[in-house]
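Student: Questions regarding the structure given below will be posed in turn.
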Amino acid sequence: MSLNKMDLSAAVKKQLNYKMKVYVGMISSLVIVQVIGIFFSVVSPLQGYSTMDYVEIEYMNYNTLNIITLTSLWALIHAIIMTTKNEWENAFPFVGNTLSNHLANMIFLVGASIVAGIVTILASFTVRVYLYYFTDELFFMSPGFVLNGGDLLAGTVTVILHFLLLCAIGYFLGTVTRLHRLLPVLLPIVVIGLLITINYINHDWMMNTVEFYYGETSMAVFLMKIVVTAGILFACSIAISSRTEVRK
Amino acid sequence: MKVIECRDLTKRMIGRNALNQLSFTLEGDKITGLIGRNGAGKTTLMKILAGYWHETSGKVEVFSERPFQNLNVSVNAIYVDDQMKFSHTLTLEDILKEAARFYPNWDTVLAERLFDYFSFHPKEKHDYLSKGKKSTFNMIIGLASRCKLTMFDEPTTGMDASVRKDFYRALLKDYLAHPRTILLSSHHLEEMEDLLEEIILIDEGQVVLHESMDELKEYALGITGRAEILEPLLADEEVIYETRVGDYSTYAAVKSDSPVIQKAKQHGMATGPVPPNDLCIYLTAKQKGGIDDVFK
Amino acid sequence: MIDPSGGRPIYIQIAEWIETEILNDNFKADDKVYSQYQLAEMFTINPATAAKGLNVLTDENILYGKRGLGKFVTTEAKAIITDKRKNEKLKGLLTEVALEAKRLQVGEGELTEMLQQAITDVKGD
């Protein structure tokens with residue numbers, strides 16, 4: 001018997017294939033999240049009431065933010081779950097190392113973000129179709145109800161990038177918690193505490209951060225910002241766990 | 001070619017050295033037994049060799065490469081124990097298919113035949129297997145992967161007597177057809193000693209003995225004789241184990257080349273071989289008299 | 001046949017087993033005996049141990065090797081084995097008998113009588 005060789009790209013490829021089998025549950029949970037999102041979008045619109053002279057207007061504002069919010073949570077939570085010790089070991093396949101396992105996970109999350117983005121846009125169509133045919137009240141289409149090709153593409157890419165950012169944040173936080181037994185409890189407290197403190201010292205900080213990413217008007221720059229941020233978070237995740245031992 | 005080389009290998013774990021300046025070299029395609037008491041460092045050593053854990057200091061090489069996080073070692077070495085975990089979304093059938101994709105030498109026919117022989121169901125989940133069944137299934141992966149370095153850590157945990165027998169026979173037959181380095185850890189030396197070409201006895205993170213099985217069988221001799229004659233003979237000599245049998249007799253194990261043996265024979269005392277399993281227990285005993293000393 | 005739990009090294013037991021096969025004429029002069037791998041499989045033992053057993057017999061001129069073909073029985077094998085067993089095994093057994101007799105304080109005459117009785121018994125079989 002001669003010795004076999006295995007290089008990183010071959011290992012990542014095999015592991016990615018493995019992850020797709022192992023994490024099929026992620027897709028079914030995505031579908032459930034989307035259905036719940038659609039349901040909320042349809043049954044609980046923002047209700048408003050306004051009067052102008054003798055006219056009273058009662059309106060219902062339907063939007064698909066619910067779907068995006070729920071799917072964001074889905075992305076964040078799944079990325080965290082992937083890094084938990086139990087999942088890490090269960091999904092650690094036969095041949096590989098920490099780096100190849102990270103890379104396979106990350107490529108998988110990029111793929112998952114793309115799928116989630118597309119599904120989210122499709123779900124928003126479902127809501128549109130429902131509203132168009134099934135609401136009997138006076139129906140006003142807000143700008144953007146009918147999408148043109150450019151908007152559609154930009155919207156899809158934006159949602160995908162948004163999910164990718166959340167995956168990267170979740171993955172990074174999850175990896176950090178594995179550094180010490182107490183971190184799963186401490187980290188959420190520290191993170192939330194920090195956010196509150198920073199917000200107290202500098203009111204605009206949070207707004208500015210959100211503005212930095214989501215206020216961006218140029219698609220190319222937005223894409224750059226997200227990709228670089230996600231890249232840094234993923235790289236940090238790899239760096240801090242390079243000495244991690246598997247199968248304790 | 002050197003398969004394994006350890007030099008002053010030390011692994012520090014929670015306040016103690018699980019491996020303490022351990023050194024040995026393994027060459028050629030042999031079946032080697034890794035013997036030692038609980039906590040002697042068998043599992044730690046194997047996990048370092050498999051690349052799961054990193055060493056604290058010293059040198060460790062598998063196929064002339066440092067194993068930690070090494071993909072070339074990972075694909076050529078497999079570590080099988082009863083803690084192996086697989087994702088709960090995979091059925092047994094899936095697990096075998098996945099293993100086949102990862103290991104270039106995987107033998108699908110052998111895996112399927114063993115799978116059927118031990119009557120597994122393809123749709124079963126690994127998590128729900130009984131302890132013995134889990135060990136049996138893991139054993140199938142270990143054998144079918146045909147890794148150049150195959151490590152079994154307490155492979156027979158939970159297996160019943162007949163499966164244990166089948167396992168040893170399957171291991172030997174596959175080894176005869178495809179010679180490779182097999183490292184078997186166990187504290188039941190007696191049930192696998194015929195299979196082994198050599199043994200490495202470790203205790204407190206160090207190699208106590210690295211001998212061929214045949215030499216181990218002739219390593220020591222046991223002497224039984226009247227205490228008042230035998231005990232003075234043993235006084236200045238190296239004694240492996242010594243205990244009182246009843247009020248007047250003493251049993252002692254000494255090295256086969258010990259001068260005590262000739263003297264004992266002159267006194268008409270009975271000598272006999274020391275079974276390897278007993279020898280290993282004697283060599284790693286915390287005190288010369290064993291548990292009896294506690295009750296003195 | 002092969003007793004793994006006994007303290008005696010397996011390779012010696014393997015050698016003795018082949019000797020007995022030769023004494024029983026299951027292998028005749030110039031017959032090929034089992035290879036180390038066949039022996040390993042037959043008795044579930046390590047092939048290195050089996051090889052050692054074969055080598056012991058080769059050293060004693062009971063077997064001879066043909067390069068790449070295996071081990072064969074020499075013409076004088078049977079004679080060597082018979083001679084060896086007489087000198088070693090039988091003598092050893094008799095020494096033990098003598099020792100045990102001494103421990104039990106059995107006299108020379110009584111012991112000879114017992115031996116003669118045993119011989120008659122075996123003949124009677």
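Just remember, in the structure tokens the first chain shown is A, the second B, etc., residues are 1-based per chain, and ligands are 1-based in the order shown.
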Determine which residues of range 9-201 of chain B receive a DSSP assignment of strand (DSSP E), computed from the backbone, and state them as a ChimeraX atom specification.
Tutor: /B:9-13,16-27,31-35,57-62,77-80,149-153,181-186,198-201
Student: Within 6 Å of chain A, which residues of chain B are there when counting only C-alpha atoms? Please give them as a PyMOL selection string.
Tutor: chain B and resi 52-53+69+71-72+74-75+85-87+89
Student: Could you save those same residues with C-alpha atoms as a JSON list (two decimals), in the first residue's frame?
Tutor:
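The result, written out as result18.json:
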[["chain", "number", "residue", "atom", "x", "y", "z"],
["B", 52, "TYR", "CA", -6.50, 15.66, 16.61],
["B", 53, "TRP", "CA", -4.42, 16.96, 19.51],
["B", 69, "GLN", "CA", -3.79, 19.35, 11.53],
["B", 71, "LEU", "CA", -4.06, 16.52, 5.80],
["B", 72, "ASN", "CA", -1.58, 13.94, 4.50],
["B", 74, "SER", "CA", -5.35, 12.60, 8.16],
["B", 75, "VAL", "CA", -5.96, 10.72, 4.91],
["B", 85, "LYS", "CA", -19.66, 10.91, 16.29],
["B", 86, "PHE", "CA", -21.55, 11.40, 13.11],
["B", 87, "SER", "CA", -24.13, 13.97, 12.20],
["B", 89, "THR", "CA", -28.86, 13.55, 9.65]]
Student: Pick out the residues sitting within 10 Å of range 42-59 of chain C, and hand them over as a PyMOL selection string; count only C-alpha atoms, and ignore anything fewer than 3 positions along from it in its own chain.
Tutor: (chain B and resi 30-31+165+168-173+175-176+192-198+212-214) or (chain C and resi 1-4+9-19+33-39+62-65+71-74+77+81)
Student: In Å, rounded to a single decimal, give me how far CA of Leu92 in chain B is from CA of Val109 in chain B.
Tutor: 15.5 Å
Student: Restricting the calculation to only C-alpha atoms, which member of B:Asp107, B:Glu190, B:Asp153, B:Glu93 is positioned closest to chain C?
Tutor: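 Closest candidate: B:Glu190.
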Student: What's the 8 Å shell around Gly48 in chain A, counting only C-alpha atoms, without same-chain residues fewer than 3 positions away, as a list in words?
Tutor: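 So, after excluding close chain neighbours, the residues are Glu58, Tyr59, Met60 and Asn61 of chain A.
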Student: Keeping only C-alpha atoms, write the selected residues to a file as a PDB file, in the first residue's frame.
Tutor:
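Final output, saved to again_21.pdb:
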ATOM      1  CA  GLU A  58     -57.620  54.029   7.260  1.00  0.00           C
ATOM      2  CA  TYR A  59     -54.734  52.267   5.713  1.00  0.00           C
ATOM      3  CA  MET A  60     -52.854  49.054   5.976  1.00  0.00           C
ATOM      4  CA  ASN A  61     -49.230  49.012   5.083  1.00  0.00           C
TER       5      ASN A  61
END
Student: When you draw a straight line from CA of Met46 in chain B to CA of Gly174 in chain A, how long is it in Å?
Tutor: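 Value for the CA of Met46 in chain B-CA of Gly174 in chain A distance: 28.7 Å.
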Student: Could you find all residues in range 6-136 of chain A that DSSP calls alpha helix (DSSP H) from the backbone, and write them as a short mmCIF file (atom, residue, chain, number, x, y, z; two decimals) with C-alpha atoms, in the first residue's frame?
Tutor:
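Dumped to part-v8.cif:
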data_model
loop_
_atom_site.label_atom_id
_atom_site.label_comp_id
_atom_site.auth_asym_id
_atom_site.auth_seq_id
_atom_site.Cartn_x
_atom_site.Cartn_y
_atom_site.Cartn_z
CA LEU A 8 -6.27 21.55 0.95
CA SER A 9 -8.48 22.18 -2.06
CA ALA A 10 -9.31 18.48 -2.43
CA ALA A 11 -10.11 18.24 1.28
CA VAL A 12 -12.33 21.34 1.18
CA LYS A 13 -14.16 20.04 -1.89
CA LYS A 14 -14.90 16.70 -0.24
CA GLN A 15 -15.89 18.36 3.00
CA LEU A 16 -18.20 20.82 1.26
CA ASN A 17 -19.98 17.91 -0.32
CA TYR A 18 -20.27 16.36 3.13
CA LYS A 19 -21.63 19.58 4.66
CA MET A 20 -24.35 19.72 2.05
CA LYS A 21 -25.57 16.30 3.14
CA VAL A 22 -25.21 17.06 6.84
CA VAL A 24 -29.97 19.59 4.62
CA GLY A 25 -31.99 20.50 7.71
CA MET A 26 -30.92 24.09 7.22
CA ILE A 27 -32.85 24.30 3.96
CA SER A 28 -36.03 22.88 5.46
CA SER A 29 -35.80 25.35 8.34
CA LEU A 30 -35.33 28.14 5.78
CA VAL A 31 -38.56 27.12 4.09
CA ILE A 32 -40.40 27.13 7.43
CA VAL A 33 -39.00 30.57 8.29
CA GLN A 34 -40.11 31.91 4.92
CA VAL A 35 -43.62 30.53 5.31
CA ILE A 36 -43.92 32.13 8.74
CA GLY A 37 -42.56 35.39 7.30
CA ILE A 38 -45.09 35.36 4.49
CA PHE A 39 -47.85 34.60 6.95
CA PHE A 40 -46.92 37.54 9.20
CA SER A 41 -46.54 39.87 6.23
CA VAL A 42 -50.03 39.05 5.10
CA VAL A 43 -51.97 38.88 8.35
CA LEU A 65 -39.64 43.21 6.13
CA ASN A 66 -40.88 40.34 8.30
CA ILE A 67 -39.47 37.83 5.91
CA ILE A 68 -36.09 39.51 5.82
CA THR A 69 -35.97 39.91 9.62
CA LEU A 70 -36.85 36.29 10.27
CA THR A 71 -34.44 35.03 7.63
CA SER A 72 -31.72 37.24 9.13
CA LEU A 73 -32.25 35.51 12.47
CA TRP A 74 -32.18 32.18 10.69
CA ALA A 75 -28.81 33.04 9.10
CA LEU A 76 -27.33 34.33 12.36
CA ILE A 77 -28.47 31.36 14.44
CA HIS A 78 -27.42 28.74 11.92
CA ALA A 79 -23.97 30.24 11.61
CA ILE A 80 -23.62 30.15 15.40
CA ILE A 81 -24.88 26.58 15.60
CA MET A 82 -22.31 25.43 13.03
CA THR A 83 -19.53 26.55 15.35
CA LYS A 85 -18.56 22.12 19.78
CA ASN A 86 -21.15 19.45 19.25
CA GLU A 87 -21.96 20.41 15.67
CA TRP A 88 -18.32 21.02 14.89
CA GLU A 89 -17.45 17.49 15.94
CA ASN A 90 -20.51 15.84 14.44
CA THR A 98 -9.51 22.82 11.25
CA LEU A 99 -8.70 25.06 8.29
CA SER A 100 -10.38 22.84 5.70
CA ASN A 101 -13.40 22.44 7.96
CA HIS A 102 -13.67 26.22 8.38
CA LEU A 103 -13.33 26.83 4.66
CA ALA A 104 -15.97 24.23 3.84
CA ASN A 105 -18.31 25.77 6.43
CA MET A 106 -17.74 29.26 5.05
CA ILE A 107 -18.28 28.29 1.43
CA PHE A 108 -21.41 26.52 2.58
CA LEU A 109 -22.61 29.68 4.35
CA VAL A 110 -21.98 31.77 1.23
CA GLY A 111 -24.08 29.27 -0.71
CA ALA A 112 -26.75 29.28 1.97
CA SER A 113 -26.88 33.11 1.86
CA ILE A 114 -27.38 33.03 -1.89
CA VAL A 115 -30.17 30.47 -1.62
CA ALA A 116 -31.76 32.39 1.26
CA GLY A 117 -31.54 35.66 -0.72
CA ILE A 118 -33.22 34.23 -3.76
CA VAL A 119 -35.89 32.45 -1.71
CA THR A 120 -36.58 35.68 0.19
CA ILE A 121 -37.12 37.61 -3.04
CA LEU A 122 -39.41 34.84 -4.29
CA ALA A 123 -41.32 34.98 -1.00
CA SER A 124 -41.80 38.70 -1.40
CA PHE A 125 -43.32 37.95 -4.80
CA THR A 126 -45.71 35.55 -3.13
CA VAL A 127 -46.82 38.35 -0.82
CA ARG A 128 -47.25 40.70 -3.76
CA VAL A 129 -49.32 38.17 -5.71
CA TYR A 130 -51.49 37.50 -2.69
CA LEU A 131 -52.12 41.18 -2.08
CA TYR A 132 -52.84 41.86 -5.70
CA TYR A 133 -55.49 39.18 -6.00
CA PHE A 134 -56.88 38.66 -2.55
#
Student: Taking only C-alpha atoms into account, name the residue in C:Glu41, C:Glu110, C:Lys32, C:Leu69 that is nearest to chain B.
Tutor: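 That would be C:Glu41, the residue with the smallest distance to chain B.
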Student: Env of Leu230 in chain B: 10 Å cut, atoms = only C-alpha atoms, seq-sep filter 3 positions within chain, self excluded. Answer as a PyMOL selection string.
Tutor: chain B and resi 223-227+233-235+249-252+260+263-264+267+269
Student: So that I have them on file, write out the residues from the current selection with C-alpha atoms, as a PDB file, in the first residue's frame.
Tutor:
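Okay, this is what ended up in result-v4.pdb:
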ATOM      1  CA  ILE B 223       8.900 -18.805  41.174  1.00  0.00           C
ATOM      2  CA  THR B 224       6.874 -20.381  43.933  1.00  0.00           C
ATOM      3  CA  GLY B 225       8.655 -21.489  47.083  1.00  0.00           C
ATOM      4  CA  ARG B 226       8.754 -21.470  50.835  1.00  0.00           C
ATOM      5  CA  ALA B 227       8.840 -17.886  52.025  1.00  0.00           C
ATOM      6  CA  LEU B 233      17.190 -15.000  47.739  1.00  0.00           C
ATOM      7  CA  LEU B 234      15.154 -12.127  46.365  1.00  0.00           C
ATOM      8  CA  ALA B 235      16.512  -9.578  48.814  1.00  0.00           C
ATOM      9  CA  SER B 249       4.692 -19.598  50.414  1.00  0.00           C
ATOM     10  CA  THR B 250       5.863 -16.732  48.287  1.00  0.00           C
ATOM     11  CA  TYR B 251       5.277 -16.151  44.594  1.00  0.00           C
ATOM     12  CA  ALA B 252       7.717 -13.918  42.771  1.00  0.00           C
ATOM     13  CA  VAL B 260      17.634 -16.047  41.443  1.00  0.00           C
ATOM     14  CA  LYS B 263      19.311 -20.699  43.062  1.00  0.00           C
ATOM     15  CA  ALA B 264      15.578 -21.337  43.345  1.00  0.00           C
ATOM     16  CA  HIS B 267      16.213 -25.494  46.276  1.00  0.00           C
ATOM     17  CA  MET B 269      11.279 -24.677  43.804  1.00  0.00           C
TER      18      MET B 269
END
Student: So how many Å separate CA of Pro45 in chain A and CA of Val210 in chain A, to one decimal?
Tutor: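 Distance between the two atoms: 24.9 Å.
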Student: Name the residues in contact with Asp278 in chain B at a cut-off of 12 Å, using only C-alpha atoms, excluding same-chain residues fewer than 2 positions from it; report them as a list in words.
Tutor: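 Contacts, with the query itself left out: Ile35, Gly36, His187, His188, Leu189, Glu190, Leu216, Lys217, Tyr219, Ala220, Leu221, Gly222, Ile240, Tyr241, Ala252, Ala253, Pro273, Val274, Pro275, Pro276, Cys280, Ile281, Tyr282, Leu283, Thr284, Ala285 and Gly290 of chain B; Ser5 and Gly7 of chain C.
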Student: Suppose we keep N, CA, C and O atoms; can you now write the selection as a short mmCIF file (atom, residue, chain, number, x, y, z; two decimals), in the first residue's frame?
Tutor:
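And here's part06.cif as it stands now:
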data_model
loop_
_atom_site.label_atom_id
_atom_site.label_comp_id
_atom_site.auth_asym_id
_atom_site.auth_seq_id
_atom_site.Cartn_x
_atom_site.Cartn_y
_atom_site.Cartn_z
N ILE B 35 -0.59 -1.20 25.28
CA ILE B 35 -1.16 -1.73 26.51
C ILE B 35 -0.86 -0.78 27.66
O ILE B 35 0.20 -0.18 27.71
N GLY B 36 -1.80 -0.67 28.55
CA GLY B 36 -1.57 0.16 29.72
C GLY B 36 -2.85 0.27 30.53
O GLY B 36 -3.92 -0.07 30.05
N HIS B 187 -6.97 -2.91 27.45
CA HIS B 187 -6.38 -3.43 28.67
C HIS B 187 -6.69 -4.91 28.81
O HIS B 187 -6.44 -5.50 29.82
N HIS B 188 -7.24 -5.51 27.75
CA HIS B 188 -7.42 -6.96 27.74
C HIS B 188 -6.38 -7.57 26.84
O HIS B 188 -6.66 -7.96 25.71
N LEU B 189 -5.16 -7.65 27.33
CA LEU B 189 -4.10 -8.20 26.48
C LEU B 189 -4.36 -9.65 26.17
O LEU B 189 -4.12 -10.12 25.07
N GLU B 190 -4.92 -10.39 27.14
CA GLU B 190 -5.02 -11.84 26.96
C GLU B 190 -5.87 -12.22 25.75
O GLU B 190 -5.60 -13.21 25.11
N LEU B 216 8.20 -11.22 24.96
CA LEU B 216 7.44 -10.88 26.16
C LEU B 216 7.05 -12.13 26.93
O LEU B 216 7.09 -12.17 28.16
N LYS B 217 6.70 -13.19 26.14
CA LYS B 217 6.28 -14.44 26.80
C LYS B 217 7.43 -15.07 27.57
O LYS B 217 7.23 -15.85 28.48
N TYR B 219 9.92 -13.18 28.83
CA TYR B 219 10.58 -12.08 29.52
C TYR B 219 10.81 -12.38 31.00
O TYR B 219 11.84 -12.07 31.56
N ALA B 220 9.83 -13.04 31.60
CA ALA B 220 9.91 -13.26 33.06
C ALA B 220 9.56 -14.69 33.42
O ALA B 220 8.94 -15.40 32.65
N LEU B 221 9.98 -15.09 34.60
CA LEU B 221 9.62 -16.40 35.13
C LEU B 221 9.03 -16.22 36.53
O LEU B 221 9.46 -15.35 37.28
N GLY B 222 8.07 -17.04 36.82
CA GLY B 222 7.47 -17.00 38.16
C GLY B 222 8.06 -18.12 39.02
O GLY B 222 8.28 -19.22 38.55
N ILE B 240 10.22 -8.26 39.88
CA ILE B 240 9.12 -7.58 39.19
C ILE B 240 7.87 -7.56 40.05
O ILE B 240 7.16 -6.57 40.13
N TYR B 241 7.64 -8.67 40.74
CA TYR B 241 6.43 -8.78 41.53
C TYR B 241 6.64 -9.81 42.62
O TYR B 241 7.34 -10.80 42.41
N ALA B 252 7.00 -15.08 43.27
CA ALA B 252 7.72 -13.92 42.77
C ALA B 252 7.93 -14.04 41.28
O ALA B 252 8.10 -15.14 40.75
N ALA B 253 7.84 -12.90 40.59
CA ALA B 253 8.16 -12.88 39.17
C ALA B 253 9.46 -12.13 39.00
O ALA B 253 9.61 -11.02 39.52
N PRO B 273 6.28 -20.03 33.45
CA PRO B 273 6.19 -18.77 32.71
C PRO B 273 5.18 -17.81 33.34
O PRO B 273 4.27 -18.24 34.04
N VAL B 274 5.38 -16.53 33.08
CA VAL B 274 4.42 -15.52 33.54
C VAL B 274 3.59 -15.10 32.34
O VAL B 274 4.15 -14.62 31.35
N PRO B 275 2.28 -15.29 32.36
CA PRO B 275 1.46 -14.87 31.22
C PRO B 275 1.64 -13.38 30.95
O PRO B 275 1.73 -12.59 31.89
N PRO B 276 1.71 -12.99 29.66
CA PRO B 276 1.97 -11.58 29.31
C PRO B 276 1.03 -10.60 30.00
O PRO B 276 1.46 -9.53 30.41
N CYS B 280 2.24 -7.57 32.38
CA CYS B 280 1.94 -6.14 32.17
C CYS B 280 1.34 -5.53 33.43
O CYS B 280 1.64 -4.39 33.77
N ILE B 281 0.49 -6.30 34.09
CA ILE B 281 -0.11 -5.79 35.32
C ILE B 281 0.97 -5.57 36.39
O ILE B 281 1.04 -4.53 37.03
N TYR B 282 1.88 -6.56 36.50
CA TYR B 282 2.96 -6.44 37.49
C TYR B 282 3.83 -5.22 37.20
O TYR B 282 4.20 -4.47 38.09
N LEU B 283 4.17 -5.07 35.91
CA LEU B 283 5.10 -3.99 35.54
C LEU B 283 4.51 -2.60 35.76
O LEU B 283 5.23 -1.63 35.91
N THR B 284 3.18 -2.51 35.73
CA THR B 284 2.57 -1.19 35.87
C THR B 284 1.88 -1.02 37.22
O THR B 284 1.17 -0.05 37.43
N ALA B 285 2.08 -2.01 38.11
CA ALA B 285 1.44 -1.91 39.42
C ALA B 285 2.02 -0.74 40.20
O ALA B 285 3.21 -0.45 40.10
N GLY B 290 0.62 -4.93 45.14
CA GLY B 290 -0.70 -4.69 44.55
C GLY B 290 -1.73 -4.32 45.59
O GLY B 290 -1.41 -3.77 46.65
N SER C 5 -3.93 -19.46 26.01
CA SER C 5 -3.86 -18.97 27.39
C SER C 5 -2.64 -19.53 28.11
O SER C 5 -2.20 -19.00 29.10
N GLY C 7 1.15 -20.47 29.04
CA GLY C 7 2.29 -19.58 29.07
C GLY C 7 3.29 -19.87 27.96
O GLY C 7 4.14 -19.07 27.66
#
